[in-house]
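A short write-up of the structure that comes next.
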Amino acid sequence: MELRQLEYFVAVVDEANFTRAAERLHVAQPGVSAQIKRLERELGQELLDRSGRTVRPTEAGRAVLPHARSALASVHSARDVVDALKGLVRGSVSVGMVTACASADLTDLLARLHIRHPGLDISLAEDDSRNLIAGVLDGTFDIAVVGVAGELPEDLESRVITDERLVAGVAANHPLAELDTLPFAELGTRSVICLPPGTGIRTCLDAACATVGVTPAVALEASNLGIIVSLAAQGLGMAVLPESAVGQLHRIDLEPEARSRLEMVWRAGGGKNPAASALIDLARSAPVS
């Protein structure tokens, strides 16, 4: 019995067709048929029912199938372990990033990962912080950069990228441009421009307002901080954003002080494969900006 025969058998079961299995394996279809017939002769049982429009496993085939899958998985795991010991990490990592993230930490991290392990496949997706955190917890993402206003779930580890005060920004001709401070309680009656729900900054804003018993009077929402600044610069309202994003707007410190963090998060204990572990190891050791 050869591993190649088990691989061909599993592929035919998965595809329910010899031709599609051969295409998936990048081999000639007669070769697949010949190897499976050889396996059947060795076991003394037909593993596949070829009588119908689709190929299905026989009773013997169904009994053999989980053992074949287990054997192939064990071989792949052994290869990954040896590659990791050699420093030749391969595989794929899935990375999430909060929408319109302006931090260079993630791109620097991915660049260093690519230099060390050029054979890795890296996928990157944007979403709001709430969905990204859920994605890290359920394994959709190996690591993600998210906005955080409070405590993270216990199942996550993290590294703080930025920790900033939440402030307001208005145009120079705005009625509030003469102020340097403003209570959060006032945001219940002001036209607020901010990020949408699900983002760390919006969570921080809503929580700060809730502590003083008001709901922010949100007039406009945008998922990009640059657009929020532009809307406020046109006099359409008061932007609420992290202090580093105020730009040319007149800054107003909101009281009492509330802070929003940008953090890189991953599941506690590290990744389930060498590729994810390599990325997380780099995240843990990266200097804080």
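A note on labels: chains of the structure tokens are A, B, ... as shown, every chain counts residues from 1, and ligands are counted from 1 in their shown order.
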From region 14-173 of chain A, collect each residue whose DSSP state is helix (DSSP H, G or I) and return the set as JSON, numbers by chain. {"A": [14, 15, 18, 19, 20, 21, 22, 23, 24, 25, 29, 30, 31, 32, 33, 34, 35, 36, 37, 38, 39, 40, 41, 42, 43, 59, 60, 61, 62, 63, 64, 65, 66, 67, 68, 69, 70, 71, 72, 73, 74, 75, 76, 77, 78, 79, 80, 81, 82, 83, 84, 85, 86, 105, 106, 107, 108, 109, 110, 111, 112, 113, 114, 115, 116, 129, 130, 131, 132, 133, 134, 135, 136, 137, 138]}
Taking only C-alpha atoms into account, produce a table as a Markdown table in which each residue of region 244-271 of chain A with an atom at most 9 Å from an atom of region 178-199 of chain A appears once, together with its shortest atom pair and the distance in Å to one decimal, ordered by chain and rising number.
| residue | atom | partner | partner_atom | distance |
| --- | --- | --- | --- | --- |
| A:His250 | CA | A:Asp180 | CA | 8.6 |
| A:Arg251 | CA | A:Asp180 | CA | 6.9 |
| A:Ile252 | CA | A:Asp180 | CA | 4.7 |
| A:Asp253 | CA | A:Thr181 | CA | 4.6 |
| A:Leu254 | CA | A:Leu182 | CA | 5.0 |
| A:Glu255 | CA | A:Pro183 | CA | 4.6 |
| A:Pro256 | CA | A:Pro183 | CA | 6.8 |
DSSP on the backbone: what in region 108-197 of chain A comes out strand (DSSP E or B), as a PyMOL selection string? chain A and resi 121-127+143-148+156-170+181-183+192-194
What would the file look like if the residues just selected were written as a CSV table (one decimal), in the first residue's frame with N, CA, C and O atoms?
chain,number,residue,atom,x,y,z
A,121,ASP,N,1.8,31.9,1.7
A,121,ASP,CA,0.7,32.6,1.1
A,121,ASP,C,0.0,33.4,2.2
A,121,ASP,O,-0.4,32.9,3.3
A,122,ILE,N,-0.1,34.7,2.0
A,122,ILE,CA,-0.7,35.7,3.0
A,122,ILE,C,-2.0,36.3,2.4
A,122,ILE,O,-2.0,36.8,1.3
A,123,SER,N,-3.1,36.1,3.1
A,123,SER,CA,-4.3,36.7,2.7
A,123,SER,C,-4.7,37.9,3.7
A,123,SER,O,-4.4,37.7,4.9
A,124,LEU,N,-5.2,39.0,3.2
A,124,LEU,CA,-5.5,40.1,4.0
A,124,LEU,C,-6.9,40.6,3.7
A,124,LEU,O,-7.3,40.8,2.5
A,125,ALA,N,-7.7,40.9,4.8
A,125,ALA,CA,-9.1,41.3,4.6
A,125,ALA,C,-9.4,42.5,5.6
A,125,ALA,O,-8.8,42.5,6.7
A,126,GLU,N,-10.2,43.4,5.2
A,126,GLU,CA,-10.6,44.5,6.0
A,126,GLU,C,-12.0,44.3,6.6
A,126,GLU,O,-12.9,43.7,5.9
A,127,ASP,N,-12.2,44.7,7.8
A,127,ASP,CA,-13.6,44.6,8.4
A,127,ASP,C,-13.6,45.6,9.6
A,127,ASP,O,-12.6,46.2,9.9
A,143,ILE,N,-4.4,36.4,12.8
A,143,ILE,CA,-4.1,37.6,13.5
A,143,ILE,C,-4.8,38.8,12.9
A,143,ILE,O,-5.2,38.7,11.7
A,144,ALA,N,-5.1,39.8,13.7
A,144,ALA,CA,-5.8,41.0,13.2
A,144,ALA,C,-5.4,42.2,13.9
A,144,ALA,O,-5.0,42.2,15.1
A,145,VAL,N,-5.5,43.4,13.2
A,145,VAL,CA,-5.3,44.7,13.9
A,145,VAL,C,-6.7,45.3,14.1
A,145,VAL,O,-7.5,45.4,13.1
A,146,VAL,N,-7.0,45.6,15.3
A,146,VAL,CA,-8.4,46.0,15.7
A,146,VAL,C,-8.3,47.2,16.6
A,146,VAL,O,-7.3,47.5,17.3
A,147,GLY,N,-9.4,48.0,16.6
A,147,GLY,CA,-9.5,49.1,17.5
A,147,GLY,C,-10.2,48.6,18.8
A,147,GLY,O,-11.2,47.8,18.7
A,148,VAL,N,-9.7,49.0,19.9
A,148,VAL,CA,-10.1,48.4,21.2
A,148,VAL,C,-10.5,49.6,22.1
A,148,VAL,O,-9.7,50.5,22.3
A,156,LEU,N,-7.8,35.8,23.9
A,156,LEU,CA,-7.0,36.5,23.0
A,156,LEU,C,-5.7,37.1,23.7
A,156,LEU,O,-5.8,37.5,24.9
A,157,GLU,N,-4.6,37.1,23.0
A,157,GLU,CA,-3.4,37.8,23.4
A,157,GLU,C,-3.3,39.0,22.4
A,157,GLU,O,-3.8,39.0,21.3
A,158,SER,N,-2.5,40.0,22.9
A,158,SER,CA,-2.4,41.2,22.0
A,158,SER,C,-1.2,42.0,22.3
A,158,SER,O,-0.5,41.8,23.3
A,159,ARG,N,-0.9,42.9,21.4
A,159,ARG,CA,0.2,43.8,21.5
A,159,ARG,C,-0.3,45.2,21.1
A,159,ARG,O,-0.9,45.4,20.0
A,160,VAL,N,-0.2,46.2,22.0
A,160,VAL,CA,-0.7,47.5,21.7
A,160,VAL,C,0.1,48.2,20.7
A,160,VAL,O,1.4,48.2,20.8
A,161,ILE,N,-0.5,48.7,19.6
A,161,ILE,CA,0.2,49.5,18.6
A,161,ILE,C,0.1,51.0,18.9
A,161,ILE,O,1.1,51.7,18.9
A,162,THR,N,-1.1,51.5,19.2
A,162,THR,CA,-1.2,52.9,19.6
A,162,THR,C,-2.2,53.0,20.7
A,162,THR,O,-3.1,52.1,20.8
A,163,ASP,N,-2.1,54.0,21.6
A,163,ASP,CA,-3.0,54.2,22.7
A,163,ASP,C,-3.2,55.7,22.7
A,163,ASP,O,-2.3,56.5,23.1
A,164,GLU,N,-4.3,56.2,22.2
A,164,GLU,CA,-4.6,57.6,22.1
A,164,GLU,C,-5.8,58.1,22.7
A,164,GLU,O,-6.8,57.4,22.9
A,165,ARG,N,-5.8,59.4,23.1
A,165,ARG,CA,-6.9,60.1,23.6
A,165,ARG,C,-7.9,60.3,22.5
A,165,ARG,O,-7.6,60.7,21.4
A,166,LEU,N,-9.2,60.2,22.9
A,166,LEU,CA,-10.3,60.5,22.0
A,166,LEU,C,-10.6,62.0,22.1
A,166,LEU,O,-10.8,62.5,23.2
A,167,VAL,N,-10.6,62.8,21.0
A,167,VAL,CA,-10.8,64.2,21.0
A,167,VAL,C,-11.8,64.6,19.9
A,167,VAL,O,-12.2,63.8,19.1
A,168,ALA,N,-12.2,65.8,19.9
A,168,ALA,CA,-13.0,66.4,18.9
A,168,ALA,C,-12.2,67.3,18.0
A,168,ALA,O,-11.2,67.9,18.4
A,169,GLY,N,-12.7,67.5,16.7
A,169,GLY,CA,-12.1,68.4,15.8
A,169,GLY,C,-13.1,69.1,15.0
A,169,GLY,O,-14.1,68.5,14.5
A,170,VAL,N,-13.0,70.5,14.9
A,170,VAL,CA,-13.9,71.3,14.2
A,170,VAL,C,-13.2,72.2,13.2
A,170,VAL,O,-12.0,72.5,13.4
A,181,THR,N,-11.7,72.6,25.5
A,181,THR,CA,-12.2,71.4,26.2
A,181,THR,C,-13.7,71.4,26.0
A,181,THR,O,-14.4,72.5,25.9
A,182,LEU,N,-14.3,70.2,26.1
A,182,LEU,CA,-15.7,70.1,26.0
A,182,LEU,C,-16.2,68.8,26.7
A,182,LEU,O,-15.5,67.7,26.5
A,183,PRO,N,-17.2,68.9,27.6
A,183,PRO,CA,-17.6,67.7,28.3
A,183,PRO,C,-18.3,66.7,27.3
A,183,PRO,O,-19.0,67.1,26.4
A,192,VAL,N,-22.5,65.2,15.5
A,192,VAL,CA,-21.2,64.5,15.6
A,192,VAL,C,-21.0,63.7,14.3
A,192,VAL,O,-21.9,63.1,13.7
A,193,ILE,N,-19.7,63.7,13.9
A,193,ILE,CA,-19.2,63.0,12.7
A,193,ILE,C,-18.3,61.9,13.3
A,193,ILE,O,-17.3,62.3,13.9
A,194,CYS,N,-18.5,60.7,13.0
A,194,CYS,CA,-17.7,59.6,13.6
A,194,CYS,C,-17.7,58.3,12.8
A,194,CYS,O,-18.4,58.2,11.8
Can you tell me which residues surround Leu109 (chain A) at a distance of at most 8 Å, considering only C-alpha atoms, apart from same-chain residues fewer than 4 positions away, and format the answer as an NGL selection string? :A and (105 or 113 or 279 or 282-283 or 286)
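Within 8 Å of Gln45 (chain A), once only C-alpha atoms are used and residues closer than 4 positions along the same chain are dropped, the contacting residues are Glu40, Arg41 and Ala60 of chain A.
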Generate a file of the selected residues that holds N, CA and C atoms, formatted as a tab-separated table (two decimals), in the first residue's frame.
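Printed below is part-v1.tsv as written:
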chain	number	residue	atom	x	y	z
A	40	GLU	N	-7.11	-1.85	-4.51
A	40	GLU	CA	-8.23	-2.76	-4.28
A	40	GLU	C	-7.77	-4.22	-4.31
A	41	ARG	N	-6.88	-4.56	-5.24
A	41	ARG	CA	-6.36	-5.93	-5.29
A	41	ARG	C	-5.60	-6.28	-4.02
A	60	ALA	N	-16.82	-1.13	1.97
A	60	ALA	CA	-15.41	-1.25	2.32
A	60	ALA	C	-14.69	0.07	2.15
What's around Asn17 (chain A) at 12 Å? Count only C-alpha atoms, leave out sequence neighbours fewer than 5 positions away in its own chain, and write the answer as a ChimeraX atom specification. /A:8-12,22-24,29,32-33,48-57
Which neighbours of Gly135 (chain A) fall inside 12 Å, counting only C-alpha atoms, when residues of the same chain fewer than 2 positions from it are skipped, and could you give them as a PyMOL selection string? chain A and resi 94-98+125-133+137-146+156+265-267
Write out as a list in words the residues lying within 8 Å of Val229 (chain A), counting only C-alpha atoms and excluding same-chain residues fewer than 6 positions away.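 The filter keeps Gly169, Ala239, Ala245, Val246, Gly247 and Leu249 of chain A.
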